[in-house]
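S.K.: Pasting work.cif here (mmCIF, C-alpha atoms):
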data_entry
#
loop_
_atom_site.group_PDB
_atom_site.id
_atom_site.type_symbol
_atom_site.label_atom_id
_atom_site.label_comp_id
_atom_site.auth_asym_id
_atom_site.auth_seq_id
_atom_site.Cartn_x
_atom_site.Cartn_y
_atom_site.Cartn_z
ATOM 1 C CA MET W 1 24.798 -62.042 58.297
ATOM 2 C CA TRP W 2 25.822 -63.202 54.819
ATOM 3 C CA ILE W 3 26.683 -59.655 53.878
ATOM 4 C CA LEU W 4 29.019 -59.413 56.876
ATOM 5 C CA ILE W 5 30.660 -62.712 55.972
ATOM 6 C CA ALA W 6 31.122 -61.564 52.384
ATOM 7 C CA ILE W 7 32.721 -58.319 53.565
ATOM 8 C CA LEU W 8 35.099 -60.198 55.863
ATOM 9 C CA VAL W 9 36.050 -62.572 53.058
ATOM 10 C CA LEU W 10 36.782 -59.667 50.729
ATOM 11 C CA ILE W 11 38.916 -57.984 53.384
ATOM 12 C CA ALA W 12 40.833 -61.221 53.936
ATOM 13 C CA ILE W 13 41.437 -61.623 50.199
ATOM 14 C CA GLY W 14 42.600 -58.012 49.972
ATOM 15 C CA LEU W 15 45.091 -58.464 52.792
ATOM 16 C CA ILE W 16 46.457 -61.605 51.180
ATOM 17 C CA LEU W 17 46.923 -59.764 47.884
ATOM 18 C CA ILE W 18 48.753 -56.748 49.323
ATOM 19 C CA ALA W 19 50.921 -58.650 51.805
ATOM 20 C CA PRO W 20 54.692 -58.186 51.388
ATOM 21 C CA SER W 21 57.324 -60.892 51.593
ATOM 22 C CA PRO W 22 57.209 -63.083 54.697
ATOM 23 C CA ARG W 23 60.986 -62.508 54.795
ATOM 24 C CA ARG W 24 60.721 -58.709 54.748
ATOM 25 C CA HIS W 25 62.650 -58.518 58.026
ATOM 26 C CA ARG W 26 65.715 -58.979 55.802
ATOM 27 C CA ALA W 27 65.282 -55.353 54.772
ATOM 28 C CA ASP W 28 65.275 -54.042 58.359
ATOM 29 C CA GLU W 29 69.003 -53.289 58.143
ATOM 30 C CA TRP W 30 68.220 -50.813 55.351
ATOM 31 C CA ARG W 31 65.793 -48.777 57.438
ATOM 32 C CA SER W 32 66.836 -45.102 57.748
ATOM 33 C CA THR W 33 69.333 -45.419 54.888
ATOM 34 C CA PRO W 34 69.290 -42.135 52.902
ATOM 35 C CA PHE W 35 69.649 -42.222 49.118
ATOM 36 C CA ALA W 36 70.562 -39.328 46.829
ATOM 37 C CA HIS W 37 67.950 -39.407 44.051
ATOM 38 C CA ARG W 38 69.781 -40.007 40.743
ATOM 39 C CA GLY W 39 72.976 -39.144 42.567
ATOM 40 C CA LEU W 40 73.834 -35.893 44.320
ATOM 41 C CA PHE W 41 73.197 -33.787 41.224
ATOM 42 C CA GLY W 42 73.185 -30.013 40.901
ATOM 43 C CA ASN W 43 75.989 -27.484 41.266
ATOM 44 C CA GLY W 44 77.168 -28.301 37.766
ATOM 45 C CA ALA W 45 76.552 -32.070 37.762
ATOM 46 C CA ALA W 46 73.631 -33.508 35.775
ATOM 47 C CA GLU W 47 71.440 -36.257 37.224
ATOM 48 C CA ASN W 48 72.401 -39.928 36.854
ATOM 49 C CA THR W 49 75.953 -39.079 35.796
ATOM 50 C CA PRO W 50 79.338 -40.209 37.117
ATOM 51 C CA GLU W 51 79.851 -36.690 38.494
ATOM 52 C CA ALA W 52 76.616 -36.855 40.522
ATOM 53 C CA PHE W 53 77.467 -40.327 41.791
ATOM 54 C CA GLU W 54 80.955 -39.289 42.830
ATOM 55 C CA CYS W 55 79.493 -36.351 44.774
ATOM 56 C CA ALA W 56 77.148 -38.736 46.611
ATOM 57 C CA CYS W 57 80.012 -41.078 47.435
ATOM 58 C CA LYS W 58 82.146 -38.255 48.834
ATOM 59 C CA ALA W 59 79.205 -37.019 50.933
ATOM 60 C CA GLY W 60 78.529 -40.537 52.231
ATOM 61 C CA PHE W 61 74.985 -40.883 50.896
ATOM 62 C CA GLY W 62 73.520 -43.955 49.256
ATOM 63 C CA ILE W 63 72.678 -43.635 45.562
ATOM 64 C CA GLU W 64 69.349 -44.237 43.826
ATOM 65 C CA LEU W 65 69.736 -44.746 40.072
ATOM 66 C CA ASP W 66 67.786 -46.018 37.059
ATOM 67 C CA VAL W 67 68.750 -48.675 34.524
ATOM 68 C CA GLN W 68 67.437 -49.530 31.054
ATOM 69 C CA PHE W 69 68.695 -50.768 27.678
ATOM 70 C CA SER W 70 70.145 -48.785 24.804
ATOM 71 C CA ARG W 71 69.272 -49.968 21.270
ATOM 72 C CA ASP W 72 72.399 -52.108 21.074
ATOM 73 C CA GLY W 73 71.724 -53.831 24.387
ATOM 74 C CA VAL W 74 73.958 -51.848 26.731
ATOM 75 C CA ILE W 75 72.514 -51.270 30.213
ATOM 76 C CA VAL W 76 72.661 -47.510 30.704
ATOM 77 C CA VAL W 77 71.857 -45.332 33.693
ATOM 78 C CA PHE W 78 69.080 -42.942 32.682
ATOM 79 C CA HIS W 79 65.660 -42.176 34.128
ATOM 80 C CA ASP W 80 63.241 -41.094 31.385
ATOM 81 C CA ASP W 81 61.861 -43.364 28.677
ATOM 82 C CA ASP W 82 62.852 -40.762 26.077
ATOM 83 C CA LEU W 83 65.658 -38.243 25.759
ATOM 84 C CA LYS W 84 63.562 -35.097 25.351
ATOM 85 C CA ARG W 85 63.847 -33.582 28.837
ATOM 86 C CA MET W 86 67.552 -34.193 29.291
ATOM 87 C CA THR W 87 68.924 -33.765 25.739
ATOM 88 C CA GLY W 88 66.194 -32.275 23.545
ATOM 89 C CA ASP W 89 66.161 -35.413 21.374
ATOM 90 C CA PRO W 90 62.618 -36.875 21.102
ATOM 91 C CA ARG W 91 63.731 -40.472 20.572
ATOM 92 C CA ARG W 92 63.350 -43.247 23.134
ATOM 93 C CA VAL W 93 66.510 -44.352 24.914
ATOM 94 C CA ASP W 94 66.138 -47.851 23.466
ATOM 95 C CA GLU W 95 66.122 -46.397 19.941
ATOM 96 C CA VAL W 96 69.684 -45.058 20.250
ATOM 97 C CA ASP W 97 73.001 -46.940 20.412
ATOM 98 C CA PHE W 98 75.177 -46.389 23.453
ATOM 99 C CA ALA W 99 77.990 -44.612 21.591
ATOM 100 C CA GLU W 100 75.548 -41.894 20.555
ATOM 101 C CA LEU W 101 73.908 -41.727 23.985
ATOM 102 C CA GLU W 102 77.278 -41.264 25.650
ATOM 103 C CA SER W 103 78.123 -38.338 23.386
ATOM 104 C CA MET W 104 74.957 -36.348 24.140
ATOM 105 C CA ALA W 105 75.130 -33.179 26.237
ATOM 106 C CA LEU W 106 72.806 -33.305 29.236
ATOM 107 C CA ALA W 107 70.625 -30.590 30.743
ATOM 108 C CA GLY W 108 71.469 -29.545 34.258
ATOM 109 C CA GLY W 109 75.229 -29.676 34.119
ATOM 110 C CA SER W 110 78.234 -31.686 33.094
ATOM 111 C CA GLY W 111 78.444 -35.440 32.711
ATOM 112 C CA HIS W 112 77.302 -38.065 30.255
ATOM 113 C CA ILE W 113 74.932 -41.040 30.138
ATOM 114 C CA PRO W 114 77.022 -43.862 31.642
ATOM 115 C CA ARG W 115 76.977 -47.615 31.374
ATOM 116 C CA PHE W 116 75.706 -49.333 34.510
ATOM 117 C CA GLU W 117 78.837 -51.453 34.508
ATOM 118 C CA ASP W 118 81.013 -48.341 34.718
ATOM 119 C CA VAL W 119 78.927 -46.863 37.534
ATOM 120 C CA LEU W 120 79.427 -50.033 39.577
ATOM 121 C CA LYS W 121 83.185 -49.689 39.077
ATOM 122 C CA LEU W 122 83.047 -46.024 40.065
ATOM 123 C CA VAL W 123 81.053 -46.521 43.266
ATOM 124 C CA ASP W 124 82.970 -49.705 44.127
ATOM 125 C CA GLY W 125 81.068 -50.443 47.321
ATOM 126 C CA ARG W 126 81.698 -47.042 48.905
ATOM 127 C CA VAL W 127 77.971 -46.372 49.484
ATOM 128 C CA PRO W 128 74.792 -48.463 49.197
ATOM 129 C CA LEU W 129 72.909 -48.620 45.884
ATOM 130 C CA LEU W 130 69.172 -48.587 45.191
ATOM 131 C CA VAL W 131 68.744 -49.759 41.592
ATOM 132 C CA GLU W 132 65.438 -49.036 39.826
ATOM 133 C CA LEU W 133 64.732 -51.175 36.777
ATOM 134 C CA LYS W 134 62.725 -49.263 34.186
ATOM 135 C CA THR W 135 59.933 -50.932 32.250
ATOM 136 C CA GLY W 136 60.769 -51.342 28.564
ATOM 137 C CA ARG W 137 60.620 -53.783 25.675
ATOM 138 C CA ARG W 138 63.005 -56.414 27.117
ATOM 139 C CA ASN W 139 62.060 -56.558 30.781
ATOM 140 C CA ALA W 140 63.097 -60.116 31.600
ATOM 141 C CA GLU W 141 66.440 -59.656 29.869
ATOM 142 C CA LEU W 142 67.061 -56.405 31.736
ATOM 143 C CA CYS W 143 66.369 -58.211 35.012
ATOM 144 C CA ARG W 144 68.703 -61.046 34.092
ATOM 145 C CA GLN W 145 71.608 -58.880 32.954
ATOM 146 C CA THR W 146 71.263 -56.442 35.845
ATOM 147 C CA HIS W 147 71.295 -59.348 38.271
ATOM 148 C CA GLU W 148 74.398 -60.819 36.635
ATOM 149 C CA MET W 149 76.241 -57.507 37.015
ATOM 150 C CA LEU W 150 75.159 -57.083 40.618
ATOM 151 C CA LYS W 151 76.190 -60.637 41.520
ATOM 152 C CA GLY W 152 79.784 -59.658 40.842
ATOM 153 C CA TYR W 153 79.516 -56.356 42.701
ATOM 154 C CA ARG W 154 81.123 -56.249 46.111
ATOM 155 C CA GLY W 155 79.001 -53.451 47.593
ATOM 156 C CA ARG W 156 75.551 -53.429 49.206
ATOM 157 C CA TYR W 157 72.542 -53.031 46.932
ATOM 158 C CA ILE W 158 68.798 -53.487 46.669
ATOM 159 C CA VAL W 159 66.524 -53.347 43.597
ATOM 160 C CA GLU W 160 63.092 -51.905 42.893
ATOM 161 C CA SER W 161 60.627 -51.280 40.060
ATOM 162 C CA PHE W 162 57.167 -49.909 39.368
ATOM 163 C CA ASN W 163 56.587 -53.094 37.374
ATOM 164 C CA PRO W 164 55.578 -55.965 39.710
ATOM 165 C CA LEU W 165 56.401 -58.503 36.988
ATOM 166 C CA MET W 166 60.028 -57.399 37.073
ATOM 167 C CA MET W 167 60.144 -57.861 40.833
ATOM 168 C CA ARG W 168 58.471 -61.233 40.319
ATOM 169 C CA TRP W 169 61.445 -62.155 38.122
ATOM 170 C CA PHE W 170 63.746 -61.505 41.071
ATOM 171 C CA LYS W 171 61.452 -63.426 43.408
ATOM 172 C CA LYS W 172 61.680 -66.486 41.147
ATOM 173 C CA ASN W 173 65.236 -66.243 39.840
ATOM 174 C CA ALA W 174 67.187 -64.280 42.467
ATOM 175 C CA PRO W 175 65.300 -64.643 45.759
ATOM 176 C CA GLU W 176 68.390 -63.679 47.737
ATOM 177 C CA THR W 177 68.222 -60.132 46.279
ATOM 178 C CA LEU W 178 66.183 -57.675 48.333
ATOM 179 C CA ARG W 179 63.428 -56.336 46.074
ATOM 180 C CA GLY W 180 61.077 -53.393 46.431
ATOM 181 C CA GLN W 181 57.785 -52.371 44.880
ATOM 182 C CA LEU W 182 57.544 -48.751 43.796
ATOM 183 C CA VAL W 183 54.039 -47.353 44.097
ATOM 184 C CA GLY W 184 52.394 -44.092 43.116
ATOM 185 C CA LYS W 185 48.986 -42.637 43.804
ATOM 186 C CA TRP W 186 45.870 -43.562 41.827
ATOM 187 C CA THR W 187 46.077 -40.647 39.377
ATOM 188 C CA ASP W 188 49.642 -41.562 38.363
ATOM 189 C CA TYR W 189 48.351 -44.668 36.594
ATOM 190 C CA LEU W 190 44.864 -43.634 35.474
ATOM 191 C CA SER W 191 45.666 -42.079 32.078
ATOM 192 C CA THR W 192 47.773 -45.002 30.836
ATOM 193 C CA LEU W 193 46.226 -48.044 32.532
ATOM 194 C CA GLY W 194 42.611 -47.072 33.118
ATOM 195 C CA THR W 195 40.617 -47.590 36.294
ATOM 196 C CA PRO W 196 41.282 -51.332 36.863
ATOM 197 C CA GLY W 197 45.030 -51.025 36.350
ATOM 198 C CA ALA W 198 45.234 -47.852 38.452
ATOM 199 C CA PHE W 199 43.421 -49.566 41.315
ATOM 200 C CA LEU W 200 45.550 -52.714 41.215
ATOM 201 C CA LEU W 201 48.880 -50.872 41.149
ATOM 202 C CA SER W 202 48.112 -48.004 43.537
ATOM 203 C CA SER W 203 46.632 -50.392 46.123
ATOM 204 C CA LEU W 204 49.593 -52.800 45.845
ATOM 205 C CA ALA W 205 47.198 -55.639 45.040
ATOM 206 C CA LEU W 206 49.857 -57.076 42.720
ATOM 207 C CA ASN W 207 52.170 -57.666 45.671
ATOM 208 C CA ALA W 208 50.782 -61.182 45.365
ATOM 209 C CA LEU W 209 53.002 -61.594 42.294
ATOM 210 C CA SER W 210 56.294 -60.366 43.711
ATOM 211 C CA ARG W 211 55.988 -60.323 47.529
ATOM 212 C CA PRO W 212 58.369 -57.370 47.911
ATOM 213 C CA ASP W 213 60.741 -56.995 50.838
ATOM 214 C CA PHE W 214 60.077 -53.253 50.965
ATOM 215 C CA VAL W 215 57.751 -50.690 49.417
ATOM 216 C CA ALA W 216 58.863 -47.323 47.991
ATOM 217 C CA TYR W 217 56.040 -44.760 48.011
ATOM 218 C CA ASP W 218 55.380 -41.204 46.831
ATOM 219 C CA VAL W 219 55.935 -39.075 49.924
ATOM 220 C CA SER W 220 54.008 -36.124 48.435
ATOM 221 C CA ALA W 221 50.679 -37.990 48.488
ATOM 222 C CA GLU W 222 49.371 -37.198 51.987
ATOM 223 C CA HIS W 223 46.139 -39.193 51.719
ATOM 224 C CA PHE W 224 47.661 -42.155 49.921
ATOM 225 C CA PRO W 225 46.449 -45.284 51.818
ATOM 226 C CA ALA W 226 48.875 -47.928 50.522
ATOM 227 C CA PRO W 227 51.972 -46.968 52.570
ATOM 228 C CA HIS W 228 49.911 -46.389 55.715
ATOM 229 C CA ILE W 229 48.427 -49.891 55.443
ATOM 230 C CA GLN W 230 51.844 -51.414 54.831
ATOM 231 C CA ARG W 231 53.287 -49.554 57.806
ATOM 232 C CA ALA W 232 50.438 -50.244 60.236
ATOM 233 C CA LEU W 233 49.425 -53.805 59.374
ATOM 234 C CA PHE W 234 52.556 -55.445 58.030
ATOM 235 C CA HIS W 235 55.398 -53.294 59.439
ATOM 236 C CA THR W 236 56.840 -53.333 55.932
ATOM 237 C CA PRO W 237 60.153 -51.496 55.502
ATOM 238 C CA LEU W 238 59.410 -48.351 53.486
ATOM 239 C CA ALA W 239 61.337 -46.001 51.234
ATOM 240 C CA ALA W 240 59.960 -42.512 50.530
ATOM 241 C CA TRP W 241 60.393 -40.607 47.260
ATOM 242 C CA THR W 242 61.085 -37.863 46.453
ATOM 243 C CA VAL W 243 62.027 -35.975 49.642
ATOM 244 C CA ARG W 244 62.791 -32.314 48.912
ATOM 245 C CA ASP W 245 63.234 -30.646 52.304
ATOM 246 C CA GLU W 246 64.921 -31.216 55.651
ATOM 247 C CA ARG W 247 61.669 -31.474 57.622
ATOM 248 C CA THR W 248 60.338 -34.335 55.512
ATOM 249 C CA PHE W 249 63.756 -35.991 55.548
ATOM 250 C CA LYS W 250 63.874 -35.972 59.353
ATOM 251 C CA ALA W 251 60.300 -37.273 59.561
ATOM 252 C CA CYS W 252 61.259 -40.225 57.356
ATOM 253 C CA LEU W 253 64.226 -41.028 59.573
ATOM 254 C CA GLU W 254 62.025 -40.834 62.664
ATOM 255 C CA ARG W 255 59.720 -43.429 61.058
ATOM 256 C CA ARG W 256 62.816 -45.477 60.145
ATOM 257 C CA GLU W 257 62.082 -45.119 56.442
ATOM 258 C CA MET W 258 64.594 -44.774 53.625
ATOM 259 C CA PRO W 259 64.415 -41.172 52.356
ATOM 260 C CA ILE W 260 65.209 -40.751 48.663
ATOM 261 C CA PHE W 261 66.060 -37.054 48.445
ATOM 262 C CA GLU W 262 67.030 -34.384 45.945
ATOM 263 C CA GLY W 263 67.476 -30.626 45.726
ATOM 264 C CA PHE W 264 69.235 -30.170 49.084
ATOM 265 C CA ILE W 265 71.949 -31.736 51.209
ATOM 266 C CA PRO W 266 70.461 -33.207 54.382
ATOM 267 C CA LYS W 267 71.910 -32.199 57.718
ATOM 268 C CA SER W 268 70.651 -35.349 59.442
ATOM 269 C CA LYS W 269 71.831 -38.885 58.747
#
Rewrite the coordinates I just gave you, this time as structure tokens.
M.R.:
Amino acid sequence: MWILIAILVLIAIGLILIAPSPRRHRADEWRSTPFAHRGLFGNGAAENTPEAFECACKAGFGIELDVQFSRDGVIVVFHDDDLKRMTGDPRRVDEVDFAELESMALAGGSGHIPRFEDVLKLVDGRVPLLVELKTGRRNAELCRQTHEMLKGYRGRYIVESFNPLMMRWFKKNAPETLRGQLVGKWTDYLSTLGTPGAFLLSSLALNALSRPDFVAYDVSAEHFPAPHIQRALFHTPLAAWTVRDERTFKACLERREMPIFEGFIPKSK
């Protein structure tokens, strides 16, 4: 009897921890919104560049992009923590001033590393934005400055991060902004955070800190329980990354999820 009670208590605590925002219905209008991952890159345009964003705007797709600081405190649009994959330079992005970042040639096509401010001017409300805040050395300041820029932006946008503390910042300081928790499978966290950290993040147990309005999950992880629990128990709005084929894209739309796609141009919208 006591064992059963203990199990029920643990289940109740777990559900409380992983619960999303009680106001998550605010994100219902974003269901089935497709986002081009790092812009509509390819065919000569590198990822996360003005060229890729302009292609997405012309095609009518929302844009997913990544923001972080340069060394001199400029918010730039770039995905990786370091520059190795895209430029061959081994330094971290936050170890290089913006003027130098902007001058670097990028793998995968034309374009340059842009300022977030300039991307907002380029897109100018033509398509929705999904802004991922990257974890770095000045997380609270990145949240604050990104929020200040978005407050003056006339288009539709939502924000997300793998870091629940950054989404907690928005919960406390900008509750009107729709916020999402990015989540990967257990093995994505294991090598850097160890078993306890991998469990907490992959299970969404730290939702208790940020109470996200939506959850963005790794669509390639077929046996990944977190999104299934969010979908079945809480009816949480979901985004799916990274979608790489038409079949998966259509399946996301049928589930009223937000597909974040790359490598092809979807036929369905």
S.K.: Counting only C-alpha atoms, which residues in region 122-231 of chain W sit no more than 12 Å from region 50-61 of chain W? For each one, give the nearest pair of atoms and the distance in Å, sorted by chain then residue number, as CSV.
M.R.:
residue,atom,partner,partner_atom,distance
W:Leu122,CA,W:Pro50,CA,7.5
W:Val123,CA,W:Cys57,CA,6.9
W:Asp124,CA,W:Cys57,CA,9.7
W:Gly125,CA,W:Cys57,CA,9.4
W:Arg126,CA,W:Cys57,CA,6.4
W:Val127,CA,W:Cys57,CA,6.0
W:Pro128,CA,W:Phe61,CA,7.8
W:Leu129,CA,W:Phe61,CA,9.4
W:Leu130,CA,W:Phe61,CA,11.2
S.K.: Running the PyMOL selection byres ((chain W and resi 239) around 8) on this model by hand, what would come out? Give it as a ChimeraX atom specification.
M.R.: /W:214-217,237-238,240-241,257-260
S.K.: Using CA of Glu160 (chain W) and CA of Leu40 (chain W) as the two end points, give the distance in Å to one decimal.
M.R.: 19.3 Å
S.K.: If we count all atoms listed in the file, what is near region 66-75 of chain W at a cut-off of 10 Å, once residues fewer than 3 positions away on the same chain are taken out, given as JSON, numbers by chain?
M.R.: {"W": [37, 38, 48, 78, 79, 80, 81, 92, 93, 94, 95, 96, 97, 98, 99, 100, 101, 114, 115, 116, 117, 130, 131, 132, 133, 134, 135, 136, 137, 138, 139, 141, 142, 143, 145, 146, 149, 159, 160, 161]}
S.K.: Store the residues picked out above, limited to C-alpha atoms, as an mmCIF file, in the frame of the given file.
M.R.:
data_model
loop_
_atom_site.group_PDB
_atom_site.id
_atom_site.type_symbol
_atom_site.label_atom_id
_atom_site.label_comp_id
_atom_site.auth_asym_id
_atom_site.auth_seq_id
_atom_site.Cartn_x
_atom_site.Cartn_y
_atom_site.Cartn_z
ATOM 1 C CA HIS W 37 67.950 -39.407 44.051
ATOM 2 C CA ARG W 38 69.781 -40.007 40.743
ATOM 3 C CA ASN W 48 72.401 -39.928 36.854
ATOM 4 C CA PHE W 78 69.080 -42.942 32.682
ATOM 5 C CA HIS W 79 65.660 -42.176 34.128
ATOM 6 C CA ASP W 80 63.241 -41.094 31.385
ATOM 7 C CA ASP W 81 61.861 -43.364 28.677
ATOM 8 C CA ARG W 92 63.350 -43.247 23.134
ATOM 9 C CA VAL W 93 66.510 -44.352 24.914
ATOM 10 C CA ASP W 94 66.138 -47.851 23.466
ATOM 11 C CA GLU W 95 66.122 -46.397 19.941
ATOM 12 C CA VAL W 96 69.684 -45.058 20.250
ATOM 13 C CA ASP W 97 73.001 -46.940 20.412
ATOM 14 C CA PHE W 98 75.177 -46.389 23.453
ATOM 15 C CA ALA W 99 77.990 -44.612 21.591
ATOM 16 C CA GLU W 100 75.548 -41.894 20.555
ATOM 17 C CA LEU W 101 73.908 -41.727 23.985
ATOM 18 C CA PRO W 114 77.022 -43.862 31.642
ATOM 19 C CA ARG W 115 76.977 -47.615 31.374
ATOM 20 C CA PHE W 116 75.706 -49.333 34.510
ATOM 21 C CA GLU W 117 78.837 -51.453 34.508
ATOM 22 C CA LEU W 130 69.172 -48.587 45.191
ATOM 23 C CA VAL W 131 68.744 -49.759 41.592
ATOM 24 C CA GLU W 132 65.438 -49.036 39.826
ATOM 25 C CA LEU W 133 64.732 -51.175 36.777
ATOM 26 C CA LYS W 134 62.725 -49.263 34.186
ATOM 27 C CA THR W 135 59.933 -50.932 32.250
ATOM 28 C CA GLY W 136 60.769 -51.342 28.564
ATOM 29 C CA ARG W 137 60.620 -53.783 25.675
ATOM 30 C CA ARG W 138 63.005 -56.414 27.117
ATOM 31 C CA ASN W 139 62.060 -56.558 30.781
ATOM 32 C CA GLU W 141 66.440 -59.656 29.869
ATOM 33 C CA LEU W 142 67.061 -56.405 31.736
ATOM 34 C CA CYS W 143 66.369 -58.211 35.012
ATOM 35 C CA GLN W 145 71.608 -58.880 32.954
ATOM 36 C CA THR W 146 71.263 -56.442 35.845
ATOM 37 C CA MET W 149 76.241 -57.507 37.015
ATOM 38 C CA VAL W 159 66.524 -53.347 43.597
ATOM 39 C CA GLU W 160 63.092 -51.905 42.893
ATOM 40 C CA SER W 161 60.627 -51.280 40.060
#
S.K.: Counting only C-alpha atoms, which residue out of W:Glu29, W:Glu148, W:Asp82, W:Glu47 sits closest to Glu262 (chain W)?
M.R.: W:Glu47
S.K.: Quick one: of W:Ile63, W:Met166, W:Leu178, W:Ile5, who's nearest to Arg24 (chain W), counting only C-alpha atoms?
M.R.: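 Ranked by minimum distance to Arg24 (chain W), first place goes to W:Leu178.
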S.K.: May I ask for the distance between CA of Glu254 (chain W) and CA of Phe35 (chain W), given in Å to one decimal place?
M.R.: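 Separating CA of Glu254 (chain W) from CA of Phe35 (chain W) is a distance of 15.6 Å.
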S.K.: Given 5 Å of margin on each side, can you work out the centre and size in Å (one decimal) of an axis-aligned box holding every listed atom of region 38-42 of chain W, as lines of an AutoDock Vina configuration file?
M.R.:
center_x = 71.8
center_y = -35.0
center_z = 42.5
size_x = 14.1
size_y = 20.0
size_z = 13.6
S.K.: For Glu176 (chain W), which of W:Gly14, W:Gly197, W:Gly109, W:Pro212 is the closest residue, counting only C-alpha atoms?
M.R.: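 Distance minimum relative to Glu176 (chain W) lands on W:Pro212.
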S.K.: What gap, in Å, lies between CA of Arg211 (chain W) and CA of Gly155 (chain W)?
M.R.: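 Separating CA of Arg211 (chain W) from CA of Gly155 (chain W) is a distance of 24.0 Å.
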S.K.: Calculated over only C-alpha atoms, which of the candidates W:Met86, W:Ser32, W:Ile18, W:Tyr157 has the smallest distance to Leu253 (chain W)?
M.R.: W:Ser32
S.K.: Using only C-alpha atoms, which of the listed residues (W:Ser103, W:Ser220, W:Ser191, W:Thr177) sits closest to Leu150 (chain W)?
M.R.: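 Going through W:Ser103, W:Ser220, W:Ser191, W:Thr177 one by one, the smallest distance to Leu150 (chain W) is for W:Thr177.
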S.K.: Measuring atom to atom with all atoms listed in the file, identify which of W:Met167, W:Val183, W:Lys121, W:Ala46 is nearest to Tyr153 (chain W).
M.R.: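 Residue with the minimum atom-to-atom distance to Tyr153 (chain W): W:Lys121.
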S.K.: Convert the output of the PyMOL selection byres ((chain W and resi 229) around 12) on the shown file into explicit residues, formatted as a list in words.
M.R.: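 Those residues are Gly14, Leu15, Ile18, Ala19, Pro20, Ser203, Leu204, Ala205, Val215, Tyr217, His223, Phe224, Pro225, Ala226, Pro227, His228, Gln230, Arg231, Ala232, Leu233, Phe234, His235, Thr236, Pro237 and Leu238 of chain W.
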